[in-house]
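structure_23.tsv (TSV, C-alpha atoms) appears below.
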```
chain	number	residue	atom	x	y	z
A	1	MET	CA	-66.68	251.42	153.23
A	2	PRO	CA	-68.92	248.42	153.91
A	3	ARG	CA	-72.09	249.30	155.77
A	4	ARG	CA	-72.59	248.19	159.34
A	5	ARG	CA	-74.47	244.92	159.60
A	6	LEU	CA	-77.67	244.60	161.60
A	7	ILE	CA	-79.67	241.50	162.41
A	8	LEU	CA	-83.41	242.11	162.79
A	9	LEU	CA	-85.69	239.68	164.63
A	10	THR	CA	-89.40	239.37	164.02
A	11	GLY	CA	-92.06	236.94	165.21
A	12	MET	CA	-95.56	236.86	166.66
A	13	ALA	CA	-96.13	237.15	170.43
A	14	GLY	CA	-95.29	233.81	171.99
A	15	SER	CA	-92.98	232.68	169.18
A	16	GLY	CA	-90.00	232.81	171.53
A	17	LYS	CA	-88.33	236.15	170.78
A	18	THR	CA	-87.45	236.91	174.41
A	19	THR	CA	-85.96	233.44	174.91
A	20	LEU	CA	-83.94	233.78	171.70
A	21	SER	CA	-82.76	237.26	172.72
A	22	GLY	CA	-81.44	235.76	175.96
A	23	ILE	CA	-79.57	233.09	174.01
A	24	ILE	CA	-78.10	235.73	171.70
A	25	ARG	CA	-76.88	237.81	174.65
A	26	GLU	CA	-75.15	234.72	176.06
A	27	LEU	CA	-73.31	234.51	172.72
A	28	ASP	CA	-71.92	237.99	173.56
A	29	LEU	CA	-73.90	239.77	170.89
A	30	ARG	CA	-75.59	243.07	171.66
A	31	VAL	CA	-79.40	242.94	171.55
A	32	ILE	CA	-81.66	245.95	171.69
A	33	THR	CA	-85.44	245.73	171.48
A	34	MET	CA	-87.83	248.17	169.90
A	35	GLY	CA	-89.21	248.56	173.44
A	36	ASP	CA	-85.79	249.84	174.61
A	37	VAL	CA	-86.24	252.77	172.25
A	38	ILE	CA	-89.41	253.76	174.05
A	39	ARG	CA	-87.85	253.23	177.49
A	40	GLU	CA	-84.87	255.41	176.47
A	41	LEU	CA	-87.19	258.20	175.35
A	42	ALA	CA	-89.16	257.95	178.59
A	43	LYS	CA	-85.90	258.45	180.51
A	44	GLN	CA	-85.08	261.52	178.44
A	45	LYS	CA	-88.52	262.92	179.22
A	46	GLY	CA	-88.18	262.08	182.92
A	47	LEU	CA	-91.18	259.71	182.82
A	48	GLU	CA	-91.51	256.75	185.21
A	49	PRO	CA	-91.26	253.54	183.15
A	50	THR	CA	-94.71	252.27	184.13
A	51	ARG	CA	-96.65	250.12	181.67
A	52	GLU	CA	-99.19	252.93	181.29
A	53	ASN	CA	-96.58	255.63	180.57
A	54	MET	CA	-94.82	253.35	178.10
A	55	GLY	CA	-98.10	252.60	176.32
A	56	HIS	CA	-99.00	256.28	175.95
A	57	LEU	CA	-95.50	257.19	174.81
A	58	ALA	CA	-95.46	254.38	172.21
A	59	GLU	CA	-98.79	255.60	170.88
A	60	GLU	CA	-97.47	259.14	170.71
A	61	ILE	CA	-94.32	258.07	168.82
A	62	ARG	CA	-96.33	255.99	166.34
A	63	LYS	CA	-98.35	259.04	165.36
A	64	GLY	CA	-95.15	259.90	163.46
A	65	GLY	CA	-95.81	257.02	161.06
A	66	PRO	CA	-95.48	253.23	160.89
A	67	ASP	CA	-91.67	253.46	161.00
A	68	ALA	CA	-91.41	256.16	163.70
A	69	VAL	CA	-90.04	253.78	166.35
A	70	ALA	CA	-87.58	252.32	163.83
A	71	ARG	CA	-86.30	255.79	162.92
A	72	ARG	CA	-85.61	256.54	166.58
A	73	CYS	CA	-83.93	253.16	166.90
A	74	VAL	CA	-81.65	253.99	163.95
A	75	GLU	CA	-80.56	257.17	165.75
A	76	MET	CA	-79.85	255.16	168.95
A	77	LEU	CA	-77.80	252.64	166.97
A	78	LYS	CA	-75.72	255.32	165.27
A	79	LYS	CA	-74.79	256.77	168.66
A	80	GLY	CA	-74.14	253.35	170.23
A	81	PRO	CA	-71.08	251.08	169.97
A	82	GLU	CA	-69.99	249.68	166.60
A	83	GLY	CA	-70.12	245.95	165.89
A	84	LEU	CA	-72.80	243.43	165.12
A	85	THR	CA	-76.08	244.28	166.84
A	86	VAL	CA	-79.39	242.44	166.96
A	87	VAL	CA	-82.65	244.42	166.99
A	88	ASP	CA	-85.60	242.49	168.39
A	89	GLY	CA	-89.29	243.28	168.01
A	90	ILE	CA	-89.64	244.19	164.32
A	91	ARG	CA	-93.32	244.46	163.38
A	92	SER	CA	-93.52	245.47	159.73
A	93	LEU	CA	-91.71	245.80	156.42
A	94	ALA	CA	-91.92	249.58	156.85
A	95	GLU	CA	-89.63	249.17	159.87
A	96	VAL	CA	-87.34	246.76	157.99
A	97	ASN	CA	-86.97	249.24	155.14
A	98	THR	CA	-86.09	252.08	157.53
A	99	PHE	CA	-83.19	250.02	158.87
A	100	LYS	CA	-82.18	249.03	155.31
A	101	ASP	CA	-81.71	252.70	154.45
A	102	GLU	CA	-78.82	252.87	156.93
A	103	PHE	CA	-77.51	249.36	157.51
A	104	ASP	CA	-76.75	246.05	155.84
A	105	VAL	CA	-79.78	244.18	157.17
A	106	VAL	CA	-80.56	240.48	157.66
A	107	LEU	CA	-84.09	239.65	158.79
A	108	ILE	CA	-84.69	236.51	160.88
A	109	ALA	CA	-88.25	235.35	161.60
A	110	LEU	CA	-89.29	233.11	164.46
A	111	TRP	CA	-92.35	230.98	163.75
A	112	ALA	CA	-94.43	228.86	166.09
A	113	SER	CA	-97.92	227.48	165.57
A	114	PRO	CA	-100.89	229.38	167.03
A	115	LEU	CA	-101.41	226.52	169.51
A	116	SER	CA	-97.80	226.69	170.77
A	117	ARG	CA	-97.94	230.48	171.03
A	118	TYR	CA	-101.24	230.36	172.89
A	119	LYS	CA	-99.88	227.82	175.39
A	120	ARG	CA	-96.74	229.89	175.99
A	121	LEU	CA	-98.61	233.17	176.47
A	122	THR	CA	-101.19	231.76	178.86
A	123	ARG	CA	-98.38	230.09	180.82
A	124	ARG	CA	-96.34	233.32	180.85
A	125	GLY	CA	-99.27	235.35	182.14
A	126	ARG	CA	-97.92	238.90	181.90
A	127	SER	CA	-100.71	241.32	182.77
A	128	ASP	CA	-101.40	242.02	179.09
A	129	ASP	CA	-101.11	238.37	177.95
A	130	PRO	CA	-104.27	236.64	176.72
A	131	LYS	CA	-106.22	234.41	179.07
A	132	THR	CA	-108.59	232.85	176.54
A	133	TRP	CA	-108.38	231.67	172.92
A	134	GLU	CA	-110.57	234.66	171.92
A	135	GLU	CA	-108.20	237.14	173.60
A	136	PHE	CA	-105.31	235.38	171.88
A	137	LYS	CA	-106.96	235.68	168.46
A	138	ASP	CA	-107.70	239.38	169.12
A	139	ARG	CA	-104.07	240.01	169.96
A	140	GLU	CA	-102.96	238.07	166.87
A	141	ARG	CA	-105.23	240.25	164.70
A	142	ARG	CA	-103.74	243.41	166.21
A	143	GLU	CA	-100.19	242.19	165.53
A	144	LEU	CA	-101.06	241.20	161.96
A	145	GLY	CA	-102.61	244.66	161.59
A	146	PHE	CA	-99.15	246.23	162.03
A	147	GLY	CA	-97.99	244.16	159.04
A	148	ILE	CA	-95.89	241.59	160.92
A	149	GLY	CA	-97.11	238.79	158.60
A	150	ASP	CA	-95.42	240.47	155.63
A	151	ALA	CA	-92.14	240.68	157.55
A	152	ILE	CA	-92.34	237.00	158.54
A	153	ALA	CA	-93.24	235.84	155.01
A	154	SER	CA	-90.37	237.72	153.39
A	155	SER	CA	-87.70	237.07	156.04
A	156	ASP	CA	-84.21	235.99	154.97
A	157	TYR	CA	-84.06	233.21	157.56
A	158	MET	CA	-86.73	231.30	159.44
A	159	ILE	CA	-86.45	229.55	162.78
A	160	LYS	CA	-89.23	227.12	163.64
A	161	ASN	CA	-89.78	227.17	167.37
A	162	ASP	CA	-92.40	224.55	168.07
A	163	ASP	CA	-90.03	222.04	169.65
A	164	GLY	CA	-88.79	223.85	172.73
A	165	ILE	CA	-85.69	225.74	173.75
A	166	ASP	CA	-83.07	223.05	172.93
A	167	THR	CA	-83.36	223.59	169.19
A	168	LEU	CA	-83.33	227.41	169.32
A	169	LYS	CA	-79.64	227.91	170.04
A	170	PRO	CA	-78.27	225.56	167.33
A	171	ALA	CA	-80.77	227.00	164.84
A	172	PHE	CA	-79.54	230.53	165.56
A	173	GLU	CA	-75.88	229.51	165.50
A	174	GLU	CA	-76.36	227.82	162.13
A	175	ILE	CA	-77.83	231.02	160.70
A	176	MET	CA	-75.02	233.11	162.20
A	177	GLY	CA	-72.53	230.80	160.46
A	178	LEU	CA	-74.30	231.36	157.13
A	179	ILE	CA	-74.46	235.14	157.67
A	180	ARG	CA	-70.78	235.41	158.63
A	181	ASN	CA	-69.67	233.38	155.62
A	182	GLY	CA	-72.24	234.90	153.25
B	183	MET	CA	-121.03	213.93	162.64
B	184	PRO	CA	-117.37	215.04	162.51
B	185	ARG	CA	-116.72	217.62	159.84
B	186	ARG	CA	-114.76	216.75	156.74
B	187	ARG	CA	-111.06	217.56	157.06
B	188	LEU	CA	-109.31	219.83	154.62
B	189	ILE	CA	-105.60	220.63	154.34
B	190	LEU	CA	-104.85	224.10	153.01
B	191	LEU	CA	-101.48	225.05	151.51
B	192	THR	CA	-100.12	228.56	151.37
B	193	GLY	CA	-96.75	230.03	150.40
B	194	MET	CA	-95.22	232.79	148.31
B	195	ALA	CA	-94.49	232.28	144.60
B	196	GLY	CA	-91.35	230.17	144.30
B	197	SER	CA	-91.67	228.60	147.76
B	198	GLY	CA	-92.26	225.17	146.18
B	199	LYS	CA	-96.06	224.73	146.25
B	200	THR	CA	-96.24	223.04	142.83
B	201	THR	CA	-93.44	220.63	143.74
B	202	LEU	CA	-95.10	219.82	147.05
B	203	SER	CA	-98.48	219.31	145.33
B	204	GLY	CA	-96.83	216.75	143.05
B	205	ILE	CA	-95.40	214.92	146.06
B	206	ILE	CA	-98.81	214.95	147.75
B	207	ARG	CA	-100.49	213.49	144.64
B	208	GLU	CA	-97.90	210.68	144.65
B	209	LEU	CA	-99.04	209.94	148.20
B	210	ASP	CA	-102.51	209.30	146.70
B	211	LEU	CA	-104.08	212.38	148.23
B	212	ARG	CA	-106.38	214.55	146.15
B	213	VAL	CA	-105.05	218.05	145.48
B	214	ILE	CA	-107.03	220.87	143.97
B	215	THR	CA	-105.65	224.35	143.40
B	216	MET	CA	-107.45	227.64	143.65
B	217	GLY	CA	-106.59	227.98	139.94
B	218	ASP	CA	-108.63	224.81	139.21
B	219	VAL	CA	-111.69	226.68	140.45
B	220	ILE	CA	-111.19	229.32	137.78
B	221	ARG	CA	-110.47	226.71	135.08
B	222	GLU	CA	-113.66	224.85	136.04
B	223	LEU	CA	-115.72	228.02	135.76
B	224	ALA	CA	-114.15	228.82	132.36
B	225	LYS	CA	-115.25	225.37	131.15
B	226	GLN	CA	-118.79	226.01	132.36
B	227	LYS	CA	-118.78	229.32	130.47
B	228	GLY	CA	-117.34	227.70	127.34
B	229	LEU	CA	-114.20	229.87	127.49
B	230	GLU	CA	-110.84	228.69	126.07
B	231	PRO	CA	-108.40	228.26	128.98
B	232	THR	CA	-105.89	230.82	127.70
B	233	ARG	CA	-103.82	232.78	130.20
B	234	GLU	CA	-105.65	235.96	129.17
B	235	ASN	CA	-109.15	234.47	129.62
B	236	MET	CA	-108.16	232.99	132.98
B	237	GLY	CA	-106.80	236.34	134.13
B	238	HIS	CA	-109.96	238.22	133.20
B	239	LEU	CA	-112.18	235.58	134.76
B	240	ALA	CA	-110.18	235.58	138.01
B	241	GLU	CA	-110.49	239.36	138.15
B	242	GLU	CA	-114.24	239.09	137.56
B	243	ILE	CA	-114.68	236.48	140.32
B	244	ARG	CA	-112.65	238.53	142.81
B	245	LYS	CA	-115.01	241.47	142.38
B	246	GLY	CA	-117.26	239.31	144.58
B	247	GLY	CA	-114.90	239.90	147.54
B	248	PRO	CA	-111.56	238.66	148.88
B	249	ASP	CA	-113.00	235.18	149.54
B	250	ALA	CA	-114.97	234.83	146.28
B	251	VAL	CA	-112.66	232.16	144.81
B	252	ALA	CA	-112.67	230.28	148.12
B	253	ARG	CA	-116.48	230.28	148.21
B	254	ARG	CA	-116.61	228.73	144.74
B	255	CYS	CA	-113.98	226.23	145.81
B	256	VAL	CA	-116.11	225.22	148.81
B	257	GLU	CA	-119.01	224.51	146.41
B	258	MET	CA	-116.72	222.40	144.20
B	259	LEU	CA	-115.49	220.44	147.23
B	260	LYS	CA	-119.00	219.74	148.45
B	261	LYS	CA	-119.92	218.23	145.08
B	262	GLY	CA	-116.63	216.30	144.77
B	263	PRO	CA	-115.58	212.99	146.33
B	264	GLU	CA	-115.38	212.61	150.12
B	265	GLY	CA	-112.07	211.95	151.87
B	266	LEU	CA	-109.04	214.02	152.75
B	267	THR	CA	-108.38	216.74	150.19
B	268	VAL	CA	-105.58	219.27	149.90
B	269	VAL	CA	-106.33	222.76	148.58
B	270	ASP	CA	-103.28	224.56	147.21
B	271	GLY	CA	-102.88	228.27	146.52
B	272	ILE	CA	-104.40	229.94	149.60
B	273	ARG	CA	-103.65	233.66	149.61
B	274	SER	CA	-105.30	235.19	152.66
B	275	LEU	CA	-106.91	234.59	156.04
B	276	ALA	CA	-110.24	235.62	154.47
B	277	GLU	CA	-109.94	232.52	152.29
B	278	VAL	CA	-108.90	230.34	155.24
B	279	ASN	CA	-111.91	231.50	157.24
B	280	THR	CA	-114.29	230.70	154.38
B	281	PHE	CA	-113.05	227.10	154.37
B	282	LYS	CA	-113.25	226.98	158.18
B	283	ASP	CA	-116.96	227.75	158.00
B	284	GLU	CA	-117.53	224.41	156.26
B	285	PHE	CA	-114.60	222.13	157.04
B	286	ASP	CA	-112.18	221.07	159.74
B	287	VAL	CA	-109.17	222.99	158.42
B	288	VAL	CA	-105.41	222.58	158.87
B	289	LEU	CA	-103.23	225.29	157.31
B	290	ILE	CA	-99.71	224.41	156.16
B	291	ALA	CA	-97.32	227.17	155.05
B	292	LEU	CA	-94.30	226.71	152.85
B	293	TRP	CA	-91.50	229.17	153.47
B	294	ALA	CA	-88.36	229.86	151.47
B	295	SER	CA	-86.05	232.87	151.60
B	296	PRO	CA	-86.50	235.66	149.03
B	297	LEU	CA	-83.18	234.67	147.45
B	298	SER	CA	-84.25	231.01	147.01
B	299	ARG	CA	-87.63	232.03	145.62
B	300	TYR	CA	-86.04	234.48	143.21
B	301	LYS	CA	-83.61	231.84	141.93
B	302	ARG	CA	-86.42	229.31	141.43
B	303	LEU	CA	-88.71	231.73	139.61
B	304	THR	CA	-86.05	233.03	137.25
B	305	ARG	CA	-85.00	229.43	136.53
B	306	ARG	CA	-88.64	228.36	135.98
B	307	GLY	CA	-89.26	231.21	133.55
B	308	ARG	CA	-93.03	230.95	133.02
B	309	SER	CA	-94.17	233.88	130.88
B	310	ASP	CA	-95.36	235.79	133.95
B	311	ASP	CA	-92.36	234.92	136.14
B	312	PRO	CA	-90.00	237.73	137.13
B	313	LYS	CA	-86.79	238.26	135.18
B	314	THR	CA	-85.14	240.80	137.48
B	315	TRP	CA	-84.93	241.39	141.24
B	316	GLU	CA	-87.15	244.47	140.81
B	317	GLU	CA	-89.84	242.44	139.03
B	318	PHE	CA	-89.55	239.83	141.78
B	319	LYS	CA	-90.02	242.44	144.51
B	320	ASP	CA	-93.03	243.87	142.63
B	321	ARG	CA	-94.63	240.45	142.47
B	322	GLU	CA	-93.87	239.86	146.16
B	323	ARG	CA	-95.59	243.14	147.06
B	324	ARG	CA	-98.68	242.15	145.03
B	325	GLU	CA	-98.86	238.77	146.79
B	326	LEU	CA	-98.43	240.37	150.22
B	327	GLY	CA	-101.19	242.79	149.20
B	328	PHE	CA	-103.65	239.88	149.07
B	329	GLY	CA	-102.79	239.16	152.71
B	330	ILE	CA	-100.69	236.02	152.18
B	331	GLY	CA	-98.25	237.12	154.90
B	332	ASP	CA	-100.97	236.86	157.55
B	333	ALA	CA	-101.82	233.32	156.40
B	334	ILE	CA	-98.15	232.27	156.52
B	335	ALA	CA	-97.56	233.85	159.96
B	336	SER	CA	-100.59	232.16	161.53
B	337	SER	CA	-100.28	228.76	159.84
B	338	ASP	CA	-100.67	225.58	161.91
B	339	TYR	CA	-97.59	223.97	160.36
B	340	MET	CA	-94.56	225.36	158.60
B	341	ILE	CA	-92.32	223.68	156.07
B	342	LYS	CA	-88.99	225.35	155.39
B	343	ASN	CA	-88.04	224.77	151.79
B	344	ASP	CA	-84.62	226.30	151.33
B	345	ASP	CA	-82.75	223.01	151.12
B	346	GLY	CA	-84.16	221.42	147.98
B	347	ILE	CA	-86.69	218.75	147.14
B	348	ASP	CA	-85.26	215.89	149.26
B	349	THR	CA	-86.47	217.42	152.52
B	350	LEU	CA	-89.97	218.33	151.29
B	351	LYS	CA	-91.48	214.84	151.26
B	352	PRO	CA	-90.34	213.79	154.77
B	353	ALA	CA	-91.40	217.20	156.13
B	354	PHE	CA	-94.89	216.76	154.68
B	355	GLU	CA	-95.16	213.14	155.83
B	356	GLU	CA	-94.17	214.15	159.37
B	357	ILE	CA	-96.95	216.75	159.43
B	358	MET	CA	-99.47	214.24	158.02
B	359	GLY	CA	-98.54	211.88	160.86
B	360	LEU	CA	-99.18	214.64	163.40
B	361	ILE	CA	-102.48	215.59	161.76
B	362	ARG	CA	-103.73	211.99	161.58
B	363	ASN	CA	-102.87	211.36	165.22
B	364	GLY	CA	-103.93	214.83	166.40
```
Translate this structure into structure tokens?
Amino acid sequence: MPRRRLILLTGMAGSGKTTLSGIIRELDLRVITMGDVIRELAKQKGLEPTRENMGHLAEEIRKGGPDAVARRCVEMLKKGPEGLTVVDGIRSLAEVNTFKDEFDVVLIALWASPLSRYKRLTRRGRSDDPKTWEEFKDRERRELGFGIGDAIASSDYMIKNDDGIDTLKPAFEEIMGLIRNG
Amino acid sequence: MPRRRLILLTGMAGSGKTTLSGIIRELDLRVITMGDVIRELAKQKGLEPTRENMGHLAEEIRKGGPDAVARRCVEMLKKGPEGLTVVDGIRSLAEVNTFKDEFDVVLIALWASPLSRYKRLTRRGRSDDPKTWEEFKDRERRELGFGIGDAIASSDYMIKNDDGIDTLKPAFEEIMGLIRNG
């Protein structure tokens, strides 16, 4: 029996993952994010989904190892509907390998220059988004500390997202064509 | 006085760095590789430039820290001719930062999929190139161990090199246009 196929998305903060996820959902593909795993667990524990609760819970889960969130995500996926699913928010090769143990995995990386990512994040202005170049560089270091650079460098497909939203959809559709025929 | 500008190239083995360096030289830009630094030092020490001697010498230099080769390269650059120079073979952000201390740095990453890189390396067949997928993955892990993934993920420009040599030159020229006007 062929293994179920999974598309994993990785990319630094501000590279456009949320925008791409929206585009993918419009194409009628199921997208779950690594954050959904934590939200689901919070629900099970009867916790309010506040940013603080989510942060503590994520920390607690990660004490189980660098692939602890991925392992929980695998369990969620096995219980969920069949069919092609996209998992957004991959942060390391340890996570990629956990999914590879169970699924036929394709890893797509989104890349944007530091300047583009900085502009997007300061414009977005979520409460935990950087306000200065120094805060941005700190956040970048934290992300790289999880090992996201290794995942981006060894991705199967790469989408450059420096040019704005118009090029994102055709770039993703081209890759989907290659994956479906490959 | 504006600082001298330096273009740094990074990319995994098989991503096309040597091919791109050739194209850059044809554009009458000076290219030096991090390997040149080691060859230069071997000459100073009166060592034959065999693969074995180079390997031992590189090991010896790197005992001086993750940016030891970069620091020697900076010294070489300061003694060399003025004007725009390209440095190929960057393997970590530690190296990038060493160049940033002295120069106005732009970092360009070359990306190609693992499958493309594997095909190129097995076709190239240098004595230390991988012959099997396992050897390729081992080499990839070693490269990522130097921190090359972080350099690729946080590069200022990205060239996708999955499509063959025809797209490399225009991609590089486009970036040069942006750099010169930026």
Do you know which residues lie at most 12 Å from (-95.6, 215.1, 162.4), with coordinates as in the file and only C-alpha atoms counted, and could you write them as a VMD selection string? (chain A and resid 162 to 163) or (chain B and resid 290 338 to 341 351 to 364)
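Note that atom CA of B:Glu241 and atom CA of B:Ile220 are 10.1 Å apart.
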Using only C-alpha atoms, which chain A residues lie at most 12 Å away from chain B, written as a ChimeraX atom specification? /A:10-15,91-93,106-118,136-137,140-162
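We find atom CA of A:Leu47 and atom CA of A:Glu60 to be spaced 13.7 Å apart.
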May I have the residues at most 12 Å from (-112.4, 239.6, 144.6) in the file's coordinates, counting all atoms listed in the file, as a list in words? His238, Leu239, Ala240, Glu241, Glu242, Ile243, Arg244, Lys245, Gly246, Gly247, Pro248, Asp249, Ala250, Val251, Ala252, Arg253, Arg254, Arg273, Ser274, Ala276, Glu277 and Phe328 of chain B
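The two atoms in question, atom CA of A:Asp36 and atom CA of A:Glu82, are spaced 17.7 Å apart.
Comparing the minimum interatomic distances between B:Leu266 and each of B:Asp286, B:Gly346, B:Ala224, B:Pro231, counting all atoms listed in the file, we find that B:Asp286 sits nearest.
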If the box runs along x, y and z of the file and leaves 5 Å on each side of stretch 112-126 of chain A, what are its centre and edge lengths in Å, one decimal, as AutoDock Vina command-line options?
```
--center_x -97.9 --center_y 232.7 --center_z 173.9 --size_x 17.0 --size_y 22.4 --size_z 26.6
```
